[in-house]
>>> print(open('my_file_38.cif').read())   # mmCIF, C-alpha atoms
data_structure
loop_
_atom_site.label_atom_id
_atom_site.label_comp_id
_atom_site.auth_asym_id
_atom_site.auth_seq_id
_atom_site.Cartn_x
_atom_site.Cartn_y
_atom_site.Cartn_z
CA MET A 1 93.87 -65.35 -27.94
CA LEU A 2 95.78 -62.46 -29.54
CA ALA A 3 92.52 -60.58 -30.17
CA ALA A 4 91.40 -61.06 -26.57
CA THR A 5 94.79 -59.91 -25.33
CA ALA A 6 94.66 -56.78 -27.47
CA LEU A 7 91.18 -55.95 -26.19
CA ALA A 8 92.26 -56.49 -22.58
CA ARG A 9 95.19 -54.16 -23.12
CA ALA A 10 92.90 -51.47 -24.59
CA ILE A 11 90.56 -51.64 -21.60
CA ALA A 12 93.46 -51.78 -19.16
CA LEU A 13 94.99 -48.68 -20.76
CA GLY A 14 91.79 -46.74 -20.17
CA LEU A 15 91.47 -47.86 -16.57
CA ALA A 16 95.17 -47.46 -15.84
CA ALA A 17 94.92 -43.81 -16.78
CA LEU A 18 92.72 -43.25 -13.73
CA PRO A 19 94.52 -41.89 -10.68
CA ALA A 20 94.38 -44.92 -8.41
CA CYS A 21 95.49 -42.93 -5.41
CA SER A 22 92.28 -40.88 -5.60
CA LEU A 23 89.79 -43.79 -5.68
CA ALA A 24 87.53 -43.25 -2.71
CA GLY A 25 84.08 -43.50 -4.25
CA THR A 26 81.28 -46.03 -3.93
CA LEU A 27 81.44 -49.49 -5.48
CA ASP A 28 78.36 -51.64 -6.00
CA TYR A 29 78.36 -55.07 -7.60
CA THR A 30 76.12 -58.00 -8.44
CA LEU A 31 77.09 -61.64 -8.82
CA TYR A 32 74.89 -64.00 -10.82
CA ALA A 33 74.86 -67.51 -12.24
CA GLY A 34 72.35 -69.51 -14.19
CA LEU A 35 71.65 -72.35 -16.56
CA GLU A 36 70.08 -71.71 -19.95
CA HIS A 37 68.63 -74.27 -22.37
CA SER A 38 68.06 -73.49 -26.05
CA ASN A 39 66.60 -75.86 -28.64
CA ASN A 40 68.35 -73.93 -31.45
CA ILE A 41 71.42 -72.22 -30.04
CA ALA A 42 72.89 -71.40 -33.47
CA LEU A 43 69.54 -70.05 -34.77
CA SER A 44 69.70 -72.39 -37.75
CA SER A 45 66.89 -72.70 -40.27
CA ASP A 46 67.25 -76.45 -40.85
CA ARG A 47 69.78 -77.93 -38.37
CA PRO A 48 68.83 -76.89 -34.83
CA LEU A 49 71.36 -77.63 -32.10
CA SER A 50 70.14 -78.22 -28.56
CA GLU A 51 72.51 -76.71 -26.00
CA ASN A 52 72.80 -76.03 -22.28
CA VAL A 53 74.81 -72.97 -21.27
CA LEU A 54 76.27 -72.14 -17.87
CA THR A 55 76.45 -68.35 -17.42
CA PRO A 56 78.23 -67.02 -14.32
CA GLY A 57 78.93 -63.30 -14.34
CA ALA A 58 79.23 -60.07 -12.43
CA THR A 59 78.22 -56.45 -12.83
CA PHE A 60 79.88 -53.51 -11.12
CA GLN A 61 79.36 -49.78 -10.80
CA PHE A 62 81.83 -47.28 -9.41
CA ASN A 63 80.95 -43.64 -8.74
CA GLN A 64 83.04 -40.82 -7.37
CA LEU A 65 82.36 -37.09 -7.31
CA GLY A 66 85.32 -35.37 -5.74
CA SER A 67 87.17 -32.11 -6.11
CA THR A 68 90.07 -33.65 -8.05
CA PHE A 69 88.63 -36.89 -9.43
CA GLN A 70 85.18 -37.73 -10.82
CA ALA A 71 84.19 -41.08 -12.28
CA ASN A 72 81.25 -43.17 -13.39
CA VAL A 73 82.11 -46.75 -14.42
CA LEU A 74 79.49 -49.38 -15.24
CA GLY A 75 80.48 -52.82 -16.48
CA THR A 76 79.60 -56.48 -16.86
CA VAL A 77 81.86 -59.51 -17.23
CA GLU A 78 80.32 -62.86 -18.14
CA TYR A 79 81.65 -66.36 -18.84
CA ARG A 80 79.60 -68.63 -21.10
CA LYS A 81 80.31 -72.36 -20.94
CA TYR A 82 78.54 -74.47 -23.60
CA LEU A 83 78.04 -77.77 -21.80
CA GLU A 84 77.37 -79.80 -24.98
CA ASP A 85 80.62 -78.43 -26.50
CA HIS A 86 78.99 -77.13 -29.67
CA PHE A 87 80.92 -73.88 -29.18
CA ASP A 88 84.07 -72.86 -27.36
CA PRO A 89 83.69 -71.09 -24.00
CA GLN A 90 83.40 -67.32 -24.23
CA THR A 91 84.31 -64.49 -21.88
CA GLN A 92 82.46 -61.31 -22.78
CA THR A 93 82.83 -57.79 -21.43
CA GLN A 94 80.60 -54.74 -21.56
CA LEU A 95 81.93 -51.47 -20.16
CA GLY A 96 80.96 -47.82 -20.11
CA ALA A 97 83.50 -45.72 -18.22
CA GLN A 98 83.94 -41.96 -17.89
CA ALA A 99 86.56 -40.44 -15.60
CA ASN A 100 87.92 -36.92 -15.16
CA TRP A 101 91.04 -35.84 -13.27
CA THR A 102 91.29 -32.15 -12.32
CA LEU A 103 94.95 -31.15 -12.65
CA LEU A 104 94.42 -27.39 -12.14
CA PRO A 105 91.07 -26.39 -10.59
CA GLN A 106 88.79 -24.67 -13.15
CA ARG A 107 91.67 -24.63 -15.64
CA LEU A 108 92.99 -28.02 -16.74
CA ASP A 109 91.44 -31.51 -16.66
CA PHE A 110 92.40 -34.89 -18.09
CA SER A 111 89.58 -37.26 -19.06
CA VAL A 112 89.34 -40.93 -20.00
CA GLU A 113 86.37 -42.72 -21.58
CA ASP A 114 86.18 -46.38 -22.51
CA TYR A 115 83.32 -48.25 -24.21
CA ALA A 116 83.58 -52.02 -24.59
CA GLY A 117 80.80 -54.18 -25.98
CA VAL A 118 79.79 -57.21 -28.01
CA GLN A 119 78.76 -56.79 -31.65
CA PRO A 120 78.04 -59.17 -34.54
CA VAL A 121 80.77 -60.22 -36.94
CA ASP A 122 78.26 -60.43 -39.82
CA GLN A 123 75.17 -58.31 -39.32
CA LEU A 124 73.31 -60.21 -42.06
CA SER A 125 73.55 -63.49 -40.11
CA ALA A 126 71.67 -64.55 -36.99
CA ASP A 127 73.03 -63.90 -33.49
CA ALA A 128 74.75 -67.27 -33.06
CA PRO A 129 77.58 -67.66 -30.51
CA ASP A 130 80.19 -67.80 -33.30
CA ASN A 131 78.88 -64.55 -34.80
CA ARG A 132 79.99 -62.32 -31.90
CA GLN A 133 83.06 -60.21 -31.29
CA GLN A 134 84.37 -57.77 -28.71
CA THR A 135 84.72 -54.10 -29.61
CA ASN A 136 86.40 -51.31 -27.70
CA VAL A 137 86.61 -47.54 -28.14
CA LEU A 138 89.03 -45.60 -25.93
CA VAL A 139 88.94 -41.79 -25.69
CA LEU A 140 91.45 -39.78 -23.66
CA GLY A 141 92.98 -36.32 -23.52
CA PRO A 142 93.18 -32.93 -21.78
CA THR A 143 90.58 -30.16 -21.46
CA LEU A 144 91.59 -26.52 -20.99
CA ARG A 145 88.85 -24.43 -19.37
CA MET A 146 88.35 -20.66 -19.64
CA ARG A 147 85.86 -18.35 -17.96
CA PHE A 148 84.46 -15.15 -19.51
CA GLY A 149 82.41 -13.64 -16.68
CA ASP A 150 79.79 -15.22 -14.45
CA ALA A 151 77.58 -16.74 -17.16
CA ALA A 152 79.98 -17.53 -20.03
CA ARG A 153 82.86 -19.95 -20.27
CA GLY A 154 84.81 -21.85 -22.88
CA GLN A 155 86.88 -24.99 -23.18
CA LEU A 156 89.42 -26.45 -25.57
CA GLU A 157 89.50 -30.26 -25.86
CA LEU A 158 92.20 -32.48 -27.36
CA ARG A 159 91.43 -36.19 -27.65
CA TYR A 160 93.10 -39.37 -28.83
CA ILE A 161 90.57 -42.03 -29.90
CA ASN A 162 91.35 -45.69 -30.55
CA SER A 163 88.82 -48.22 -31.84
CA TYR A 164 89.36 -51.98 -31.92
CA ALA A 165 87.39 -55.12 -32.83
CA SER A 166 88.54 -58.65 -32.03
CA LYS A 167 87.58 -60.16 -35.43
CA VAL A 168 86.80 -57.44 -38.00
CA ASP A 169 90.01 -55.45 -38.37
CA GLN A 170 88.41 -52.86 -40.70
CA PHE A 171 87.03 -51.31 -37.49
CA ASP A 172 90.50 -50.62 -36.06
CA SER A 173 91.45 -46.96 -36.20
CA SER A 174 93.36 -44.14 -34.53
CA ARG A 175 91.79 -40.69 -34.37
CA GLY A 176 92.76 -37.26 -33.20
CA MET A 177 90.10 -34.73 -32.23
CA ALA A 178 90.23 -31.04 -31.35
CA ALA A 179 87.18 -29.06 -30.23
CA PHE A 180 86.38 -25.59 -28.98
CA ARG A 181 83.16 -24.99 -27.06
CA LEU A 182 81.66 -21.74 -25.77
CA TYR A 183 78.94 -22.06 -23.10
CA ARG A 184 76.39 -19.49 -21.98
CA ASP A 185 74.05 -19.97 -19.02
CA LEU A 186 70.60 -18.56 -19.81
CA GLY A 187 69.35 -19.26 -16.31
CA PRO A 188 69.51 -21.87 -13.56
CA THR A 189 67.97 -24.54 -15.83
CA ASP A 190 68.92 -23.46 -19.38
CA GLN A 191 72.22 -23.46 -21.23
CA VAL A 192 73.27 -22.85 -24.83
CA SER A 193 76.65 -23.61 -26.40
CA GLY A 194 78.45 -23.11 -29.68
CA ASN A 195 80.75 -25.97 -30.74
CA VAL A 196 83.40 -26.50 -33.42
CA GLU A 197 85.06 -29.92 -33.82
CA PHE A 198 87.77 -31.29 -36.08
CA GLN A 199 88.61 -34.98 -36.23
CA ARG A 200 91.25 -36.86 -38.21
CA VAL A 201 90.42 -40.54 -38.82
CA ASP A 202 93.13 -43.04 -39.84
CA PHE A 203 92.18 -46.71 -40.27
CA THR A 204 94.81 -49.28 -39.37
CA HIS A 205 93.98 -51.95 -41.97
CA GLN A 206 92.34 -49.93 -44.74
CA PRO A 207 93.81 -48.19 -47.84
CA ASP A 208 94.93 -44.62 -47.22
CA GLY A 209 92.08 -43.36 -49.37
CA ALA A 210 89.56 -44.49 -46.76
CA ASN A 211 90.97 -42.05 -44.19
CA TYR A 212 89.19 -38.74 -43.82
CA ASP A 213 88.80 -35.46 -41.95
CA ARG A 214 85.57 -34.74 -40.09
CA LYS A 215 84.54 -31.13 -39.47
CA GLU A 216 81.48 -30.19 -37.44
CA ALA A 217 79.91 -26.99 -36.19
CA PHE A 218 76.74 -26.97 -34.11
CA VAL A 219 74.68 -25.20 -31.50
CA ARG A 220 73.40 -27.12 -28.49
CA TYR A 221 70.61 -26.17 -26.12
CA THR A 222 69.84 -27.99 -22.86
CA ARG A 223 67.10 -27.49 -20.29
CA LYS A 224 66.58 -29.43 -17.06
CA LEU A 225 63.43 -29.09 -14.97
CA PRO A 226 61.99 -31.42 -12.30
CA HIS A 227 59.51 -32.95 -14.77
CA PHE A 228 60.92 -31.94 -18.15
CA ASP A 229 64.29 -32.03 -19.88
CA ALA A 230 65.46 -31.22 -23.38
CA ASP A 231 68.76 -31.64 -25.23
CA VAL A 232 68.74 -30.27 -28.79
CA LEU A 233 71.80 -30.15 -31.08
CA LEU A 234 71.66 -28.51 -34.54
CA GLY A 235 74.50 -27.99 -36.99
CA GLY A 236 76.33 -29.50 -39.93
CA THR A 237 79.04 -32.04 -40.80
CA ARG A 238 81.55 -32.11 -43.63
CA LEU A 239 83.66 -35.17 -44.44
CA SER A 240 86.75 -34.86 -46.65
CA PHE A 241 88.24 -38.20 -47.75
CA ASP A 242 91.87 -38.60 -48.76
CA ARG A 243 90.79 -40.04 -52.11
CA GLY A 244 89.32 -36.63 -52.98
CA ARG A 245 85.60 -36.96 -52.23
CA SER A 246 83.83 -34.54 -49.88
CA VAL A 247 80.26 -34.72 -48.56
CA SER A 248 78.18 -32.51 -46.27
CA ALA A 249 74.95 -33.05 -44.34
CA PRO A 250 72.91 -31.55 -41.50
CA LEU A 251 73.70 -32.68 -37.97
CA VAL A 252 70.72 -33.16 -35.65
CA ARG A 253 70.57 -34.92 -32.29
CA LEU A 254 67.73 -34.35 -29.87
CA ARG A 255 66.11 -35.83 -26.82
CA VAL A 256 63.04 -34.60 -24.96
CA GLY A 257 61.75 -36.16 -21.73
CA TRP A 258 58.51 -35.36 -19.93
CA GLN A 259 57.02 -36.70 -16.71
CA PRO A 260 53.44 -35.36 -16.60
CA THR A 261 52.62 -37.33 -13.43
CA LEU A 262 54.52 -39.41 -10.91
CA ARG A 263 53.34 -42.55 -12.71
CA ASN A 264 53.95 -41.50 -16.33
CA ALA A 265 57.17 -40.74 -18.21
CA VAL A 266 57.58 -40.08 -21.94
CA SER A 267 60.74 -39.51 -23.97
CA VAL A 268 61.44 -38.92 -27.67
CA ALA A 269 64.89 -39.03 -29.29
CA GLY A 270 66.05 -38.44 -32.84
CA THR A 271 69.27 -38.45 -34.87
CA TRP A 272 70.23 -37.25 -38.35
CA GLN A 273 73.97 -37.43 -38.96
CA TYR A 274 76.96 -38.87 -40.76
CA ALA A 275 78.64 -41.52 -38.62
CA ASP A 276 80.62 -44.72 -38.63
CA ALA A 277 80.40 -47.50 -36.04
CA ALA A 278 83.07 -46.06 -33.73
CA GLN A 279 81.68 -42.52 -33.93
CA ASP A 280 78.20 -43.81 -33.11
CA ILE A 281 79.50 -45.67 -30.08
CA ILE A 282 81.09 -42.46 -28.77
CA THR A 283 78.06 -40.22 -29.33
CA THR A 284 75.47 -42.83 -28.31
CA PRO A 285 77.35 -45.27 -26.04
CA GLY A 286 74.19 -46.91 -24.69
CA ALA A 287 73.22 -48.13 -28.15
CA TYR A 288 76.67 -49.50 -28.98
CA GLY A 289 76.35 -48.65 -32.61
CA ALA A 290 73.57 -48.19 -35.11
CA GLY A 291 71.26 -50.93 -33.91
CA LEU A 292 67.66 -49.82 -33.53
CA GLN A 293 66.16 -52.56 -31.47
CA ALA A 294 68.83 -54.26 -29.39
CA ASP A 295 69.33 -51.60 -26.72
CA ARG A 296 65.58 -51.00 -26.37
CA ALA A 297 64.56 -54.65 -26.32
CA GLU A 298 66.92 -55.51 -23.50
CA ALA A 299 65.18 -52.96 -21.30
CA ILE A 300 62.20 -55.30 -21.01
CA ASP A 301 63.41 -58.70 -22.23
CA PRO A 302 65.29 -60.85 -19.70
CA PHE A 303 66.73 -62.86 -22.62
CA ALA A 304 67.76 -59.94 -24.82
CA ASN A 305 71.38 -59.94 -23.66
CA THR A 306 72.48 -63.48 -22.95
CA GLY A 307 69.55 -65.81 -23.45
CA GLY A 308 69.27 -65.79 -19.69
CA LEU A 309 69.77 -63.10 -17.08
CA GLY A 310 69.14 -59.77 -18.75
CA ARG A 311 68.70 -56.13 -17.90
CA GLY A 312 64.94 -56.40 -17.77
CA ALA A 313 65.05 -58.89 -14.93
CA THR A 314 68.23 -58.25 -12.99
CA GLY A 315 70.37 -55.48 -14.42
CA ASN A 316 72.87 -58.14 -15.51
CA GLY A 317 74.02 -59.69 -18.75
CA ILE A 318 75.89 -58.72 -21.92
CA GLY A 319 73.86 -56.88 -24.56
CA VAL A 320 74.68 -57.94 -28.14
CA GLY A 321 74.35 -54.95 -30.47
CA SER A 322 73.39 -54.88 -34.13
CA ALA A 323 75.86 -52.40 -35.64
CA VAL A 324 77.78 -53.03 -38.86
CA ILE A 325 81.32 -53.13 -37.48
CA GLY A 326 83.73 -51.71 -40.05
CA SER A 327 85.16 -48.51 -41.52
CA GLN A 328 82.23 -47.46 -43.69
CA VAL A 329 80.59 -44.09 -43.17
CA TYR A 330 76.80 -43.96 -43.32
CA ARG A 331 74.05 -41.39 -43.14
CA GLU A 332 71.90 -42.24 -40.13
CA ARG A 333 68.33 -41.11 -39.52
CA ARG A 334 66.55 -42.46 -36.47
CA VAL A 335 63.56 -41.60 -34.30
CA GLU A 336 62.55 -43.52 -31.18
CA ALA A 337 60.17 -43.00 -28.30
CA ASN A 338 59.49 -44.55 -24.91
CA TRP A 339 56.44 -44.47 -22.66
CA ASN A 340 56.61 -45.87 -19.15
CA TRP A 341 53.78 -46.17 -16.66
CA ARG A 342 54.32 -47.36 -13.08
CA GLY A 343 51.48 -48.23 -10.75
CA ASP A 344 51.47 -49.73 -7.28
CA ARG A 345 51.73 -53.22 -8.75
CA LEU A 346 51.60 -52.91 -12.56
CA THR A 347 54.27 -51.41 -14.84
CA VAL A 348 53.96 -50.94 -18.61
CA THR A 349 56.63 -49.93 -21.15
CA VAL A 350 56.06 -49.22 -24.86
CA SER A 351 58.97 -48.29 -27.17
CA PRO A 352 58.53 -47.78 -30.94
CA ALA A 353 61.40 -46.83 -33.29
CA ILE A 354 62.16 -46.25 -36.96
CA GLY A 355 65.50 -45.65 -38.65
CA LYS A 356 67.38 -45.62 -41.94
CA LEU A 357 71.05 -46.21 -42.75
CA ALA A 358 72.55 -45.25 -46.13
CA TYR A 359 76.24 -46.10 -46.68
CA LEU A 360 78.43 -43.81 -48.76
CA ASP A 361 80.58 -46.38 -50.58
CA ASP A 362 78.93 -49.81 -50.46
CA PRO A 363 75.10 -49.87 -50.34
CA THR A 364 74.99 -53.54 -49.31
CA PHE A 365 73.90 -52.72 -45.76
CA ASP A 366 71.52 -49.87 -46.66
CA GLN A 367 68.45 -50.54 -44.56
CA THR A 368 65.19 -49.31 -43.14
CA ALA A 369 64.22 -50.71 -39.74
CA ARG A 370 61.02 -50.44 -37.74
CA GLY A 371 60.64 -51.85 -34.27
CA LEU A 372 58.25 -52.05 -31.34
CA SER A 373 58.89 -53.31 -27.81
CA VAL A 374 56.16 -53.83 -25.20
CA GLY A 375 56.71 -54.97 -21.64
CA MET A 376 54.48 -55.47 -18.61
CA GLY A 377 55.30 -56.38 -15.02
CA TYR A 378 52.93 -57.32 -12.24
CA ARG A 379 53.99 -57.55 -8.59
CA MET A 380 51.97 -60.52 -7.36
CA THR A 381 53.29 -60.23 -3.81
CA PRO A 382 55.81 -57.85 -2.23
CA THR A 383 58.59 -60.27 -3.22
CA LEU A 384 57.22 -62.04 -6.34
CA THR A 385 56.97 -60.35 -9.77
CA LEU A 386 55.72 -61.75 -13.07
CA SER A 387 56.88 -59.96 -16.24
CA GLY A 388 55.90 -60.42 -19.86
CA PHE A 389 57.41 -58.91 -22.99
CA GLY A 390 57.06 -58.81 -26.74
CA THR A 391 59.37 -57.33 -29.38
CA TYR A 392 58.96 -56.99 -33.13
CA GLU A 393 61.45 -55.75 -35.71
CA HIS A 394 61.13 -55.38 -39.47
CA VAL A 395 64.31 -54.68 -41.46
CA ASP A 396 64.42 -54.04 -45.22
CA TYR A 397 67.76 -54.22 -47.05
CA ARG A 398 67.03 -52.32 -50.24
CA THR A 399 70.08 -53.34 -52.28
CA LEU A 400 69.80 -57.02 -51.32
CA ASP A 401 66.02 -57.09 -51.88
CA ARG A 402 65.78 -58.74 -48.47
CA SER A 403 63.26 -58.33 -45.67
CA ASP A 404 63.54 -59.77 -42.14
CA HIS A 405 60.67 -59.99 -39.64
CA THR A 406 61.67 -60.98 -36.10
CA THR A 407 59.22 -61.56 -33.26
CA ARG A 408 60.06 -62.44 -29.66
CA LEU A 409 57.74 -63.25 -26.75
CA GLY A 410 58.50 -64.33 -23.20
CA LEU A 411 57.76 -64.46 -19.48
CA ASP A 412 59.95 -64.02 -16.42
CA LEU A 413 59.19 -64.86 -12.77
CA THR A 414 61.36 -63.14 -10.14
CA LYS A 415 61.47 -63.98 -6.44
CA GLU A 416 63.30 -61.76 -3.95
CA ILE A 417 64.42 -63.94 -1.05
CA ASN A 418 65.91 -61.02 0.92
CA ARG A 419 67.68 -57.74 0.19
CA HIS A 420 70.69 -59.60 -1.21
CA TRP A 421 69.39 -62.77 -2.89
CA SER A 422 66.84 -63.45 -5.64
CA TRP A 423 66.10 -66.13 -8.23
CA HIS A 424 64.62 -66.06 -11.74
CA ILE A 425 62.80 -68.46 -14.04
CA SER A 426 62.30 -67.33 -17.64
CA VAL A 427 60.94 -68.72 -20.91
CA ALA A 428 61.01 -67.15 -24.37
CA ARG A 429 60.28 -67.94 -28.01
CA GLU A 430 61.75 -66.19 -31.04
CA ARG A 431 60.89 -66.45 -34.72
CA ARG A 432 62.45 -64.81 -37.78
CA SER A 433 61.02 -64.88 -41.29
CA SER A 434 63.51 -63.79 -43.95
CA ASP A 435 63.67 -63.58 -47.75
CA ALA A 436 67.33 -64.62 -47.56
CA ALA A 437 68.23 -68.28 -47.82
CA ALA A 438 68.89 -70.07 -44.50
CA GLN A 439 68.12 -66.97 -42.41
CA SER A 440 64.67 -67.93 -41.12
CA TYR A 441 64.59 -69.74 -37.79
CA ARG A 442 62.67 -70.57 -34.62
CA GLU A 443 64.05 -70.87 -31.10
CA ALA A 444 62.68 -71.70 -27.66
CA GLU A 445 64.64 -70.90 -24.48
CA CYS A 446 64.26 -71.50 -20.79
CA PHE A 447 66.45 -70.24 -17.98
CA VAL A 448 66.84 -70.52 -14.21
CA GLY A 449 69.31 -68.43 -12.24
CA VAL A 450 70.25 -66.87 -8.93
CA VAL A 451 71.49 -63.32 -8.18
CA TYR A 452 73.41 -61.84 -5.26
CA ARG A 453 73.34 -58.06 -4.84
CA ARG A 454 75.79 -56.28 -2.58
#
>>> encode(input="my_file_38.cif", output="structure tokens")
Amino acid sequence: MLAATALARAIALGLAALPACSLAGTLDYTLYAGLEHSNNIALSSDRPLSENVLTPGATFQFNQLGSTFQANVLGTVEYRKYLEDHFDPQTQTQLGAQANWTLLPQRLDFSVEDYAGVQPVDQLSADAPDNRQQTNVLVLGPTLRMRFGDAARGQLELRYINSYASKVDQFDSSRGMAAFRLYRDLGPTDQVSGNVEFQRVDFTHQPDGANYDRKEAFVRYTRKLPHFDADVLLGGTRLSFDRGRSVSAPLVRLRVGWQPTLRNAVSVAGTWQYADAAQDIITTPGAYGAGLQADRAEAIDPFANTGGLGRGATGNGIGVGSAVIGSQVYRERRVEANWNWRGDRLTVTVSPAIGKLAYLDDPTFDQTARGLSVGMGYRMTPTLTLSGFGTYEHVDYRTLDRSDHTTRLGLDLTKEINRHWSWHISVARERRSSDAAAQSYREAECFVGVVYRR
């Protein structure tokens, strides 16, 4: 209860910082409810538990683009009631919120960001209901803007960052960040910037020696065209720990998107950086940490988030990440791609990925992961759609001499009754083969639910 209260306070602090008197944007929401059945809810290798789960929830999105206040808030709140009482009820929250308050036009802003999500307690164990925890990262502070002519401008940012996890207190930290950025417009579609950042990281429940300073300098280039976009960041990072150790590494983040035709879209993204779980959530909030497969799988798998209503089917549900929640710093290298084809009735999505994590202090979680997600949807009638999906992930833990192979297959049938109401019926099977004792399992799921869209 205390952990849930602390998380609620962290989220409330972020939202309370928004100027309520200026809220005049658009609010959209979805209400959903369903019943899920699993023949192995705890994903046990030898003692499967059959369970029925009631999952009411809601999603919401708020947007405002005004002269003094701009905001984009997307969230989901879900209650999970385990009807056979094998687990306690759970209320889970997922939130991505960015808001900016203009105090002095073109001179001074105040911004708030908040990222709440659900992550595993123990990444080496299966995604059972008792292996989940809430995390929250709050970022807030002022931005001073400067203009140097028509095409050049600069800004100075000061930020306070707080990270919190409901069960693993090694994740809890307070950070201060200062950054100076100089932007230059190369044309209507191209921009280049030079960036210098300094961050002080203090962990709440770790020895003082684990605290460190993070210094980064990088150049960023962006281009936005009707059918092509690019975002390339190149630089370096230096970490200086209080215990005396310092390390340096290149900093690379890139994303390229291309839409050669109206039906085809291709994107490629890559990362090479030093990060910890909180830093990764800030820089890549959609992934909620260093997980390779979770955020991509849920794009096509209606069970990927909750075992029931998921993003692939309805835009609802809580996505469970796969990050190692703690204070450790790791070197992250990741490349992923996505191809999407949309026809009059048929849609196809293919998403491969590969990544490596190498931890500085404890190599227990050092890993190489490879994944592939494939999804297809066929609109049988104007209001009836059948979707199929398959995901595969192979993770090698080098230090543990452990290898996990996880395969998931499923179908989802969606019926739109009218512009507000729809229902879903889904089935899925998952299998993991692992070298670790008691980590192999099989699970079958079925789900039926109803959705109301505003």
>>> atom_distance(input="my_file_38.cif", atom1="CA of Ala438 in chain A", atom2="CA of Asp276 in chain A")
28.5 Å
>>> residues_around(input="my_file_38.cif", residues="Pro105 in chain A", least_positions_apart="5", cutoff="10 Å", atoms="all atoms listed in the file", output="list in words")
Ser67, Thr68 and Arg145 of chain A
>>> resolve_selection(input="my_file_38.cif", expression="the PyMOL selection byres ((chain A and resi 174) around 8)", output="compact mmCIF listing (two decimals) with C-alpha atoms, keeping the file's coordinate frame")
# COMPACT_ATOMS: atom_id res chain seq x y z
CA TYR A 160 93.10 -39.37 -28.83
CA ILE A 161 90.57 -42.03 -29.90
CA ASN A 162 91.35 -45.69 -30.55
CA SER A 163 88.82 -48.22 -31.84
CA ASP A 172 90.50 -50.62 -36.06
CA SER A 173 91.45 -46.96 -36.20
CA ARG A 175 91.79 -40.69 -34.37
CA GLY A 176 92.76 -37.26 -33.20
CA VAL A 201 90.42 -40.54 -38.82
CA ASP A 202 93.13 -43.04 -39.84
CA PHE A 203 92.18 -46.71 -40.27
CA THR A 204 94.81 -49.28 -39.37
>>> resolve_selection(input="my_file_38.cif", expression="the PyMOL selection byres ((chain A and resi 53-65) around 8)", output="ChimeraX atom specification")
/A:23-37,51-52,66-67,69-83,308,316-317
>>> resolve_selection(input="my_file_38.cif", expression="the PyMOL selection byres ((chain A and resi 139-144) around 6)", output="list in words")
Arg107, Leu108, Asp109, Phe110, Ser111, Val112, Glu113, Leu138, Arg145, Gln155, Leu156, Glu157, Leu158, Arg159, Tyr160 and Ile161 of chain A
>>> residues_around(input="my_file_38.cif", residues="range 266-274 of chain A", least_positions_apart="3", cutoff="6 Å", atoms="only C-alpha atoms", output="PyMOL selection string")
chain A and resi 251-258+330-339
>>> atom_distance(input="my_file_38.cif", atom1="CA of Arg245 in chain A", atom2="CA of Leu357 in chain A")
19.7 Å
>>> closest_residue(input="my_file_38.cif", among="A:Arg370, A:Arg379, A:Arg47, A:Arg200", to="Thr347 in chain A", atoms="all atoms listed in the file")
A:Arg379
>>> closest_residue(input="my_file_38.cif", among="A:Asn340, A:Gln119, A:Ser426, A:Ser125", to="Ser373 in chain A", atoms="all atoms listed in the file")
A:Asn340
>>> residues_near_point(input="my_file_38.cif", point="(52.0, -50.8, -11.1)", cutoff="9 Å", atoms="all atoms listed in the file", output="PyMOL selection string")
chain A and resi 263+341-348+377-379
>>> residues_around(input="my_file_38.cif", residues="Thr399 in chain A", least_positions_apart="2", cutoff="9 Å", atoms="all atoms listed in the file", output="MDAnalysis selection string")
chainID A and resid 363:367 397 401:402
>>> write_last_selection(input="my_file_38.cif", atoms="C-alpha atoms", output="mmCIF file, in the frame of the given file")
data_model
loop_
_atom_site.group_PDB
_atom_site.id
_atom_site.type_symbol
_atom_site.label_atom_id
_atom_site.label_comp_id
_atom_site.auth_asym_id
_atom_site.auth_seq_id
_atom_site.Cartn_x
_atom_site.Cartn_y
_atom_site.Cartn_z
ATOM 1 C CA PRO A 363 75.100 -49.870 -50.340
ATOM 2 C CA THR A 364 74.990 -53.540 -49.310
ATOM 3 C CA PHE A 365 73.900 -52.720 -45.760
ATOM 4 C CA ASP A 366 71.520 -49.870 -46.660
ATOM 5 C CA GLN A 367 68.450 -50.540 -44.560
ATOM 6 C CA TYR A 397 67.760 -54.220 -47.050
ATOM 7 C CA ASP A 401 66.020 -57.090 -51.880
ATOM 8 C CA ARG A 402 65.780 -58.740 -48.470
#
>>> closest_residue(input="my_file_38.cif", among="A:Asn40, A:Asn418, A:Thr381, A:Thr189", to="Arg223 in chain A", atoms="only C-alpha atoms")
A:Thr189
>>> atom_distance(input="my_file_38.cif", atom1="CA of His394 in chain A", atom2="CA of Val121 in chain A")
20.4 Å
>>> closest_residue(input="my_file_38.cif", among="A:Val168, A:Leu186, A:Ile425, A:Met177", to="Asp150 in chain A", atoms="only C-alpha atoms")
A:Leu186
>>> closest_residue(input="my_file_38.cif", among="A:Gln206, A:Thr261, A:Ser434, A:Gln191", to="Gln170 in chain A", atoms="all atoms listed in the file")
A:Gln206
